[in-house]
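*Asks:* Okay, handing you the structure first.
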There are 2 protein chains.
Amino acid sequence: MISAPASIGAPVSAVDTPALLIDLDALERNIRRMQARVDGTKVRLRPHSKTHKSTAIAHMQIAAGAVGMCCQKVSEAEIMVDGGVRDVFISNEVVGDAKIERVAALACRAKVSVCIDHMDNARALAGAAQKFGATIHTLVELNVGANRCGVETAADVAVLAQAIAKRPPLRFAGIQAYQGAAQHVRAHAERRAAIEAAVAKVKEALAALERGGLACEVVAGAGTGSFEFEIMSSVYNELQVGSYVFMDADYRRNLDRDGKPVSEFDNALFILTTVMSSPVPQRAVVDAGLKALSVDSGMPRVVGHENVTYARASDEHGRLDIAEGGRPFGVGEKIRLVPGHCDPTVNLHDWFVGIRNGRVESLWPVSARGAVF
Amino acid sequence: MISAPASIGAPVSAVDTPALLIDLDALERNIRRMQARVDGTKVRLRPHSKTHKSTAIAHMQIAAGAVGMCCQKVSEAEIMVDGGVRDVFISNEVVGDAKIERVAALACRAKVSVCIDHMDNARALAGAAQKFGATIHTLVELNVGANRCGVETAADVAVLAQAIAKRPPLRFAGIQAYQGAAQHVRAHAERRAAIEAAVAKVKEALAALERGGLACEVVAGAGTGSFEFEIMSSVYNELQVGSYVFMDADYRRNLDRDGKPVSEFDNALFILTTVMSSPVPQRAVVDAGLKALSVDSGMPRVVGHENVTYARASDEHGRLDIAEGGRPFGVGEKIRLVPGHCDPTVNLHDWFVGIRNGRVESLWPVSARGAVF
């Protein structure tokens, strides 16, 4: 693990670069605002730790009212539990003997839920749970349009749920119905239509479970792009939103009902970067490239500079293009970037540098960085 | 740091996924072949550690004949020196007081070279070198077509070199002339033309230095896509190739002089991944997504399966599309991917799993993973 790029109390200008900055005021506002969306409703908030991979931020979300955390990998869930989170949902299929044994072991010391979309997987999980004397909560994943994992039909859900219910070390907990493909659809009406279609499919599955006499405690789903529709659905009762804590350049391209860029949550995450070369007035080169930010969802946005675009990322360089009217940069100047996609960007760093009023207030490790297993 | 995904001696089938596999036979062949290209010539090999970030692999390259290592970041150079490398060239501008002091400190215990493209930077480096009583070797970076860092003209090189020569704690060592934009140009003749243009510009700079009475010891550059032309140039005398040790899907798209995909080096790096869901015959989902492989240079290639493409990466999922004639996958099946771009893919992982004859032979940490400073 690389040493931290700053000291607590130092001015932001002294932070070494490239570094992952958190605007702590914005982070706290985002956490409060999302929690306020569900307070007083029947919907629970279970934020996704794959975004921040930080036990410190997880505990802020739980203190605000979240019921526990979502994780996407077994090793991520282990780190959250080791860090004091008591209720984790691995919103993903867990496949392979080594991982399944780790889930069963983890379920001895926390409430652990996982997704299932295949009968063989139910058998393997039940065997491991029995071996460890643990209960594993399971949600049957239903494909509601993301076309990734998940069974295809309501009848498939019912068959798998019945099979789970007959294996006592497993507990049938509900349905996972995340519509990942809806999250970055720009038009508000199209996102709503995608979630309405998902809701219709979930209702079919609920009816099939009811015909079989099975109660469905949890219907889980939603992301930062769609959660308002899941809240209104009267079907979903657990949100697994992640990106709202930080936001990113890509989510900002979504439009609200008035056709304006979404604005409910603030950008709380930035890459601080240094201009390392400024050879001609039209070009500057910064020290944050592919190993400091992820470009899978587009280039980062340059904060506070008109007519300047981050045009190209190579491994350790970013090229800024300065158009007519843009101010040239001095070598050594530090600037902020809003990453295109927050989750994989965070995963590149070892440290969050929390800032407030121009000073470093916290240094948090990215606890589950690299937790790919 | 995440625990290793395998035990030494275990069969490859027991490696947990996603994991970074090295075919050790292929790695050793690639190291031998590149060294053989320069043995008996006046060209030295200084491979780039930004590709593998591994002190173990650096020492294999040095044992084969490399004169030292290139690094791209100060923290990467520190890790190489701490790991026993005695001669490092940071092939990049080092900007900012904190980093410059670290370079000067490092130069007390190893031979350290850096790039310069600005007079202020020369002053700052000289000041730090004096403070630490160290000598810092410096190469003036010349823009030979990559349009990133580097001064623009031969006259600029001469002016900066003279300024360096007048500051004794700095030593003028030569010219950095890396043509990064040529590396992934597909046609052999176009890559050759790009390097010929770079060579012409370097010759102008050498003439300008000679007119000023300055000797130029090193002309450094070349990557895996172009090194054959720099070797033939009679101007370049130090190669900073990196990717040849592993190769990747993107470099394989380059064509040789016969118009065929380049074949001098073998794919030595793979992502081992598990099929975690196989919901319909046309689709399978693997456990390696954006946090296990970099897609900046295109999707990974699926090894050994006809009519199967890795079609889409989300954070922790990869979607395989199985076309007509492709065999469906079973849940739990493990397959290999060739990453699109090796350098940023390696940087996502904590461990290299070295394999030979179907068994795990070595577990090497990715020593400089996350060394972004």
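Residue numbers start at 1 in each chain; chains themselves are named A, B, ... in the order of the structure tokens; ligands are numbered from 1 in the order shown.
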Hey, could you make a per-residue contact list for chain B against chain A with 6 Å as the cut-off, showing the nearest pair of atoms and its distance in Å to one decimal, counting only C-alpha atoms, sorted by chain and number, as JSON lines?
*Replies:*
```
{"residue": "B:Thr17", "atom": "CA", "partner": "A:Phe373", "partner_atom": "CA", "distance": 6.0}
{"residue": "B:Val95", "atom": "CA", "partner": "A:Met276", "partner_atom": "CA", "distance": 5.7}
{"residue": "B:Gly96", "atom": "CA", "partner": "A:Gly332", "partner_atom": "CA", "distance": 6.0}
{"residue": "B:Cys149", "atom": "CA", "partner": "A:Ser277", "partner_atom": "CA", "distance": 5.6}
{"residue": "B:Met276", "atom": "CA", "partner": "A:Val95", "partner_atom": "CA", "distance": 5.7}
{"residue": "B:Ser277", "atom": "CA", "partner": "A:Cys149", "partner_atom": "CA", "distance": 5.6}
{"residue": "B:Lys291", "atom": "CA", "partner": "A:Pro344", "partner_atom": "CA", "distance": 5.9}
{"residue": "B:Gly332", "atom": "CA", "partner": "A:Gly96", "partner_atom": "CA", "distance": 6.0}
{"residue": "B:Pro344", "atom": "CA", "partner": "A:Lys291", "partner_atom": "CA", "distance": 5.9}
{"residue": "B:Phe373", "atom": "CA", "partner": "A:Thr17", "partner_atom": "CA", "distance": 6.0}
```
*Asks:* From a DSSP calculation on the backbone, collect every residue of range 36-262 of chain A in helix (DSSP H, G or I) and output the set as a ChimeraX atom specification.
*Replies:* /A:36-38,55-64,74-82,97-106,119-132,154-165,180-182,188-211,227-232,243-245,251-253
*Asks:* Nearest to Gly9 in chain A among A:Ile355, A:Ala26, A:Val366, A:Leu21, with distances taken over only C-alpha atoms: which residue is it?
*Replies:*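 Closest to Gly9 in chain A of all the choices is A:Ile355.
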*Asks:* Residues within 12 Å of Lys131 in chain B, please, as JSON, numbers by chain. Count only C-alpha atoms; anything in the same chain fewer than 4 positions from it doesn't count.
*Replies:* {"B": [100, 101, 102, 103, 104, 105, 107, 108, 124, 125, 126, 127, 135, 136, 169]}
*Asks:* Residues as selected, all heavy atoms, written as a tab-separated table (two decimals), in the first residue's frame, can you do that?
*Replies:*
```tsv
chain	number	residue	atom	x	y	z
B	100	ILE	N	10.11	16.23	-6.08
B	100	ILE	CA	11.50	16.58	-6.43
B	100	ILE	C	12.45	16.23	-5.28
B	100	ILE	O	13.55	15.71	-5.50
B	100	ILE	CB	11.58	18.06	-6.85
B	100	ILE	CG1	10.96	18.21	-8.26
B	100	ILE	CG2	13.01	18.58	-6.83
B	100	ILE	CD1	10.81	19.64	-8.74
B	101	GLU	N	12.01	16.46	-4.06
B	101	GLU	CA	12.85	16.07	-2.91
B	101	GLU	C	13.01	14.55	-2.85
B	101	GLU	O	14.08	14.04	-2.50
B	101	GLU	CB	12.24	16.58	-1.60
B	101	GLU	CG	12.25	18.11	-1.50
B	101	GLU	CD	12.83	18.63	-0.20
B	101	GLU	OE1	12.76	17.91	0.81
B	101	GLU	OE2	13.38	19.76	-0.20
B	102	ARG	N	11.95	13.83	-3.19
B	102	ARG	CA	12.04	12.37	-3.18
B	102	ARG	C	13.04	11.87	-4.23
B	102	ARG	O	13.79	10.92	-3.99
B	102	ARG	CB	10.66	11.75	-3.38
B	102	ARG	CG	9.80	11.86	-2.14
B	102	ARG	CD	8.33	11.59	-2.40
B	102	ARG	NE	8.05	10.17	-2.56
B	102	ARG	CZ	6.81	9.67	-2.52
B	102	ARG	NH1	5.78	10.46	-2.31
B	102	ARG	NH2	6.62	8.37	-2.67
B	103	VAL	N	13.04	12.52	-5.38
B	103	VAL	CA	14.01	12.15	-6.42
B	103	VAL	C	15.44	12.38	-5.93
B	103	VAL	O	16.32	11.53	-6.11
B	103	VAL	CB	13.74	12.95	-7.72
B	103	VAL	CG1	14.95	12.91	-8.64
B	103	VAL	CG2	12.54	12.38	-8.44
B	104	ALA	N	15.65	13.53	-5.31
B	104	ALA	CA	17.01	13.85	-4.83
B	104	ALA	C	17.44	12.86	-3.75
B	104	ALA	O	18.59	12.40	-3.74
B	104	ALA	CB	17.04	15.28	-4.30
B	105	ALA	N	16.51	12.53	-2.87
B	105	ALA	CA	16.83	11.55	-1.81
B	105	ALA	C	17.17	10.19	-2.43
B	105	ALA	O	18.11	9.51	-2.02
B	105	ALA	CB	15.66	11.43	-0.84
B	107	ALA	N	18.36	9.64	-5.33
B	107	ALA	CA	19.62	9.74	-6.07
B	107	ALA	C	20.83	9.60	-5.16
B	107	ALA	O	21.96	9.47	-5.64
B	107	ALA	CB	19.68	11.05	-6.85
B	108	CYS	N	20.63	9.61	-3.85
B	108	CYS	CA	21.72	9.34	-2.91
B	108	CYS	C	22.06	7.86	-2.85
B	108	CYS	O	23.13	7.48	-2.36
B	108	CYS	CB	21.35	9.82	-1.50
B	108	CYS	SG	21.11	11.60	-1.39
B	124	ALA	N	14.56	23.81	-9.92
B	124	ALA	CA	14.05	23.14	-8.73
B	124	ALA	C	14.80	21.83	-8.47
B	124	ALA	O	15.16	21.51	-7.33
B	124	ALA	CB	12.55	22.88	-8.88
B	125	LEU	N	15.07	21.08	-9.54
B	125	LEU	CA	15.80	19.82	-9.39
B	125	LEU	C	17.23	20.07	-8.89
B	125	LEU	O	17.74	19.35	-8.02
B	125	LEU	CB	15.84	19.06	-10.72
B	125	LEU	CG	14.56	18.29	-11.08
B	125	LEU	CD1	14.54	17.97	-12.57
B	125	LEU	CD2	14.43	17.00	-10.26
B	126	ALA	N	17.86	21.11	-9.44
B	126	ALA	CA	19.23	21.43	-9.03
B	126	ALA	C	19.26	21.81	-7.54
B	126	ALA	O	20.16	21.39	-6.79
B	126	ALA	CB	19.79	22.56	-9.89
B	127	GLY	N	18.28	22.58	-7.11
B	127	GLY	CA	18.21	22.98	-5.70
B	127	GLY	C	18.08	21.78	-4.77
B	127	GLY	O	18.79	21.68	-3.75
B	135	THR	N	23.65	13.69	-7.23
B	135	THR	CA	23.69	14.02	-8.65
B	135	THR	C	22.44	13.46	-9.30
B	135	THR	O	22.13	12.27	-9.14
B	135	THR	CB	24.93	13.40	-9.32
B	135	THR	OG1	26.09	13.93	-8.69
B	135	THR	CG2	24.96	13.70	-10.81
B	136	ILE	N	21.73	14.30	-10.03
B	136	ILE	CA	20.55	13.83	-10.78
B	136	ILE	C	20.87	13.93	-12.27
B	136	ILE	O	21.23	15.00	-12.77
B	136	ILE	CB	19.30	14.67	-10.43
B	136	ILE	CG1	18.97	14.56	-8.93
B	136	ILE	CG2	18.10	14.20	-11.26
B	136	ILE	CD1	17.82	15.46	-8.48
B	169	PRO	N	24.98	19.98	-9.76
B	169	PRO	CA	24.30	18.81	-9.17
B	169	PRO	C	23.41	18.10	-10.18
B	169	PRO	O	22.98	16.97	-9.94
B	169	PRO	CB	23.47	19.40	-8.02
B	169	PRO	CG	23.43	20.88	-8.23
B	169	PRO	CD	24.55	21.25	-9.15
```
*Asks:* Quick one, how far is CA of Arg327 in chain B from CA of Pro281 in chain B?
*Replies:*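 We find that CA of Arg327 in chain B and CA of Pro281 in chain B lie 8.3 Å from each other.
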*Asks:* To one decimal place in Å, what is the distance between CA of Val157 in chain A and CA of Phe172 in chain A?
*Replies:*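 Computing it gives 11.0 Å between the two atoms.
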*Asks:* Grab the CA of Cys71 in chain B to CA of Ile22 in chain A distance for me, in Å with one decimal place.
*Replies:*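 A separation of 28.8 Å between them.
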*Asks:* Using DSSP on the backbone coordinates, identify all residues within range 293-345 of chain B classified as strand (DSSP E or B); present the result as a PyMOL selection string.
*Replies:* chain B and resi 301-302+308-313+318-322+334-338
*Asks:* Could you check which of B:Val85, B:Val303, B:Ala64, B:Met69 is closest to Val241 in chain B, using only C-alpha atoms?
*Replies:*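 With only C-alpha atoms as the atom set, the closest residue is B:Met69.
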*Asks:* At a cut-off of 10 Å, using only C-alpha atoms, what residues contact Gly259 in chain B? Leave out same-chain residues fewer than 5 positions from it and give the result as JSON, numbers by chain.
*Replies:* {"B": [186, 187, 188, 189, 254]}
*Asks:* Selected residues, all heavy atoms, written as an mmCIF file, in the first residue's frame, please.
*Replies:*
```cif
data_model
loop_
_atom_site.group_PDB
_atom_site.id
_atom_site.type_symbol
_atom_site.label_atom_id
_atom_site.label_comp_id
_atom_site.auth_asym_id
_atom_site.auth_seq_id
_atom_site.Cartn_x
_atom_site.Cartn_y
_atom_site.Cartn_z
ATOM 1 N N ARG B 186 -1.315 0.740 -37.008
ATOM 2 C CA ARG B 186 -1.342 -0.670 -37.427
ATOM 3 C C ARG B 186 -0.352 -1.006 -38.538
ATOM 4 O O ARG B 186 0.316 -2.040 -38.484
ATOM 5 C CB ARG B 186 -2.763 -1.072 -37.850
ATOM 6 C CG ARG B 186 -3.816 -0.907 -36.757
ATOM 7 C CD ARG B 186 -3.382 -1.501 -35.441
ATOM 8 N NE ARG B 186 -4.364 -1.277 -34.385
ATOM 9 C CZ ARG B 186 -4.082 -1.348 -33.091
ATOM 10 N NH1 ARG B 186 -2.850 -1.623 -32.687
ATOM 11 N NH2 ARG B 186 -5.013 -1.145 -32.196
ATOM 12 N N ALA B 187 -0.262 -0.141 -39.575
ATOM 13 C CA ALA B 187 0.550 -0.494 -40.751
ATOM 14 C C ALA B 187 2.037 -0.308 -40.454
ATOM 15 O O ALA B 187 2.465 0.720 -39.933
ATOM 16 C CB ALA B 187 0.140 0.359 -41.944
ATOM 17 N N HIS B 188 2.816 -1.314 -40.804
ATOM 18 C CA HIS B 188 4.258 -1.344 -40.579
ATOM 19 C C HIS B 188 4.932 -0.122 -41.212
ATOM 20 O O HIS B 188 5.741 0.565 -40.562
ATOM 21 C CB HIS B 188 4.792 -2.644 -41.201
ATOM 22 C CG HIS B 188 6.204 -2.968 -40.854
ATOM 23 N ND1 HIS B 188 7.245 -2.695 -41.722
ATOM 24 C CD2 HIS B 188 6.746 -3.544 -39.756
ATOM 25 C CE1 HIS B 188 8.375 -3.111 -41.168
ATOM 26 N NE2 HIS B 188 8.105 -3.632 -39.974
ATOM 27 N N ALA B 189 4.578 0.194 -42.450
ATOM 28 C CA ALA B 189 5.221 1.307 -43.162
ATOM 29 C C ALA B 189 4.910 2.641 -42.478
ATOM 30 O O ALA B 189 5.757 3.546 -42.450
ATOM 31 C CB ALA B 189 4.757 1.332 -44.617
ATOM 32 N N ASN B 254 -1.321 -4.750 -34.307
ATOM 33 C CA ASN B 254 -0.291 -4.182 -35.198
ATOM 34 C C ASN B 254 0.085 -5.214 -36.254
ATOM 35 O O ASN B 254 0.081 -6.427 -35.982
ATOM 36 C CB ASN B 254 0.957 -3.811 -34.390
ATOM 37 C CG ASN B 254 0.825 -2.457 -33.706
ATOM 38 O OD1 ASN B 254 -0.225 -1.803 -33.777
ATOM 39 N ND2 ASN B 254 1.889 -2.035 -33.034
#
```
*Asks:* Compile the contact shell of Asp23 in chain B as a list in words: residues with an atom at most 10 Å away, counting only C-alpha atoms, same-chain residues fewer than 3 positions apart removed.
*Replies:*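 Result of the neighbour search: Ala26, Leu27, Glu28, Phe246, Asp266, Asn267, Ala268, Leu269, Phe270, Val353, Gly354, Ile355, Arg356, Asn357, Gly358, Val360 and Glu361 of chain B.
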*Asks:* Save out the residues we just selected, all heavy atoms, as a short mmCIF file (atom, residue, chain, number, x, y, z; two decimals), in the first residue's frame.
*Replies:*
```cif
data_model
loop_
_atom_site.label_atom_id
_atom_site.label_comp_id
_atom_site.auth_asym_id
_atom_site.auth_seq_id
_atom_site.Cartn_x
_atom_site.Cartn_y
_atom_site.Cartn_z
N ALA B 26 6.39 -18.30 -21.57
CA ALA B 26 6.23 -17.22 -22.55
C ALA B 26 6.95 -15.96 -22.08
O ALA B 26 7.60 -15.27 -22.86
CB ALA B 26 4.75 -16.94 -22.78
N LEU B 27 6.84 -15.65 -20.78
CA LEU B 27 7.53 -14.48 -20.23
C LEU B 27 9.04 -14.59 -20.45
O LEU B 27 9.69 -13.64 -20.92
CB LEU B 27 7.22 -14.37 -18.74
CG LEU B 27 7.96 -13.27 -17.97
CD1 LEU B 27 7.36 -11.91 -18.30
CD2 LEU B 27 7.89 -13.52 -16.46
N GLU B 28 9.59 -15.74 -20.13
CA GLU B 28 11.04 -15.94 -20.29
C GLU B 28 11.47 -15.84 -21.75
O GLU B 28 12.50 -15.25 -22.07
CB GLU B 28 11.45 -17.29 -19.67
CG GLU B 28 11.35 -17.28 -18.15
CD GLU B 28 11.40 -18.67 -17.51
OE1 GLU B 28 11.65 -19.66 -18.23
OE2 GLU B 28 11.16 -18.76 -16.29
N PHE B 246 4.69 -8.98 -21.85
CA PHE B 246 3.37 -9.62 -21.70
C PHE B 246 2.59 -9.68 -23.01
O PHE B 246 1.83 -10.59 -23.23
CB PHE B 246 2.52 -8.82 -20.71
CG PHE B 246 2.99 -8.85 -19.29
CD1 PHE B 246 2.81 -7.74 -18.46
CD2 PHE B 246 3.57 -9.99 -18.76
CE1 PHE B 246 3.22 -7.76 -17.13
CE2 PHE B 246 3.97 -10.03 -17.43
CZ PHE B 246 3.80 -8.91 -16.62
N ASP B 266 5.08 -13.47 -27.45
CA ASP B 266 3.90 -14.30 -27.15
C ASP B 266 3.04 -13.65 -26.06
O ASP B 266 3.55 -12.92 -25.21
CB ASP B 266 4.36 -15.68 -26.66
CG ASP B 266 5.13 -16.44 -27.72
OD1 ASP B 266 4.76 -16.33 -28.91
OD2 ASP B 266 6.11 -17.12 -27.36
N ASN B 267 1.76 -13.94 -26.07
CA ASN B 267 0.91 -13.51 -24.96
C ASN B 267 1.33 -14.28 -23.71
O ASN B 267 1.25 -15.50 -23.66
CB ASN B 267 -0.56 -13.80 -25.25
CG ASN B 267 -1.14 -12.83 -26.26
OD1 ASN B 267 -1.65 -13.22 -27.32
ND2 ASN B 267 -1.05 -11.55 -25.96
N ALA B 268 1.82 -13.54 -22.73
CA ALA B 268 2.27 -14.17 -21.49
C ALA B 268 1.34 -13.83 -20.33
O ALA B 268 1.47 -14.40 -19.25
CB ALA B 268 3.69 -13.71 -21.16
N LEU B 269 0.43 -12.90 -20.54
CA LEU B 269 -0.44 -12.41 -19.46
C LEU B 269 -1.90 -12.72 -19.77
O LEU B 269 -2.37 -12.43 -20.87
CB LEU B 269 -0.28 -10.89 -19.33
CG LEU B 269 -1.01 -10.24 -18.16
CD1 LEU B 269 -0.22 -10.46 -16.87
CD2 LEU B 269 -1.23 -8.75 -18.41
N PHE B 270 -2.57 -13.28 -18.79
CA PHE B 270 -3.98 -13.65 -18.96
C PHE B 270 -4.77 -13.29 -17.70
O PHE B 270 -4.22 -13.27 -16.60
CB PHE B 270 -4.11 -15.16 -19.20
CG PHE B 270 -3.33 -15.64 -20.39
CD1 PHE B 270 -2.02 -16.06 -20.24
CD2 PHE B 270 -3.90 -15.65 -21.66
CE1 PHE B 270 -1.28 -16.49 -21.34
CE2 PHE B 270 -3.17 -16.08 -22.75
CZ PHE B 270 -1.85 -16.50 -22.59
N VAL B 353 0.10 -14.55 -10.65
CA VAL B 353 0.17 -15.99 -10.43
C VAL B 353 0.96 -16.58 -11.60
O VAL B 353 0.46 -16.63 -12.73
CB VAL B 353 -1.24 -16.60 -10.35
CG1 VAL B 353 -1.16 -18.11 -10.15
CG2 VAL B 353 -2.06 -15.92 -9.25
N GLY B 354 2.19 -16.98 -11.32
CA GLY B 354 3.05 -17.54 -12.37
C GLY B 354 2.77 -19.02 -12.55
O GLY B 354 2.77 -19.78 -11.58
N ILE B 355 2.51 -19.44 -13.77
CA ILE B 355 2.16 -20.84 -14.02
C ILE B 355 3.09 -21.48 -15.05
O ILE B 355 3.62 -20.81 -15.94
CB ILE B 355 0.70 -21.00 -14.47
CG1 ILE B 355 0.45 -20.23 -15.79
CG2 ILE B 355 -0.27 -20.49 -13.41
CD1 ILE B 355 -0.88 -20.55 -16.43
N ARG B 356 3.29 -22.78 -14.86
CA ARG B 356 4.07 -23.57 -15.80
C ARG B 356 3.58 -25.02 -15.70
O ARG B 356 3.34 -25.49 -14.60
CB ARG B 356 5.57 -23.47 -15.47
CG ARG B 356 6.41 -23.96 -16.59
CD ARG B 356 7.92 -23.74 -16.51
NE ARG B 356 8.46 -22.82 -15.56
CZ ARG B 356 9.25 -21.78 -15.90
NH1 ARG B 356 9.54 -21.52 -17.16
NH2 ARG B 356 9.76 -21.02 -14.96
N ASN B 357 3.44 -25.65 -16.84
CA ASN B 357 2.98 -27.04 -16.88
C ASN B 357 1.71 -27.26 -16.05
O ASN B 357 1.57 -28.26 -15.36
CB ASN B 357 4.08 -27.99 -16.37
CG ASN B 357 5.33 -27.90 -17.22
OD1 ASN B 357 5.25 -27.70 -18.44
ND2 ASN B 357 6.49 -28.02 -16.59
N GLY B 358 0.81 -26.28 -16.12
CA GLY B 358 -0.49 -26.46 -15.47
C GLY B 358 -0.53 -26.25 -13.98
O GLY B 358 -1.56 -26.48 -13.33
N VAL B 360 0.81 -23.81 -10.39
CA VAL B 360 1.28 -22.51 -9.90
C VAL B 360 2.72 -22.65 -9.44
O VAL B 360 3.03 -23.47 -8.57
CB VAL B 360 0.40 -22.01 -8.73
CG1 VAL B 360 0.95 -20.70 -8.17
CG2 VAL B 360 -1.05 -21.85 -9.18
N GLU B 361 3.61 -21.86 -10.04
CA GLU B 361 5.04 -21.96 -9.70
C GLU B 361 5.51 -20.75 -8.88
O GLU B 361 6.45 -20.85 -8.09
CB GLU B 361 5.87 -22.07 -10.99
CG GLU B 361 7.35 -22.18 -10.73
CD GLU B 361 8.15 -22.38 -12.02
OE1 GLU B 361 7.82 -23.32 -12.78
OE2 GLU B 361 9.10 -21.61 -12.25
#
```
*Asks:* Quick one: residues within 8 Å of Ala77 in chain A, only C-alpha atoms, excluding same-chain residues fewer than 6 positions away - as an MDAnalysis selection string?
*Replies:* chainID A and resid 71 88:90
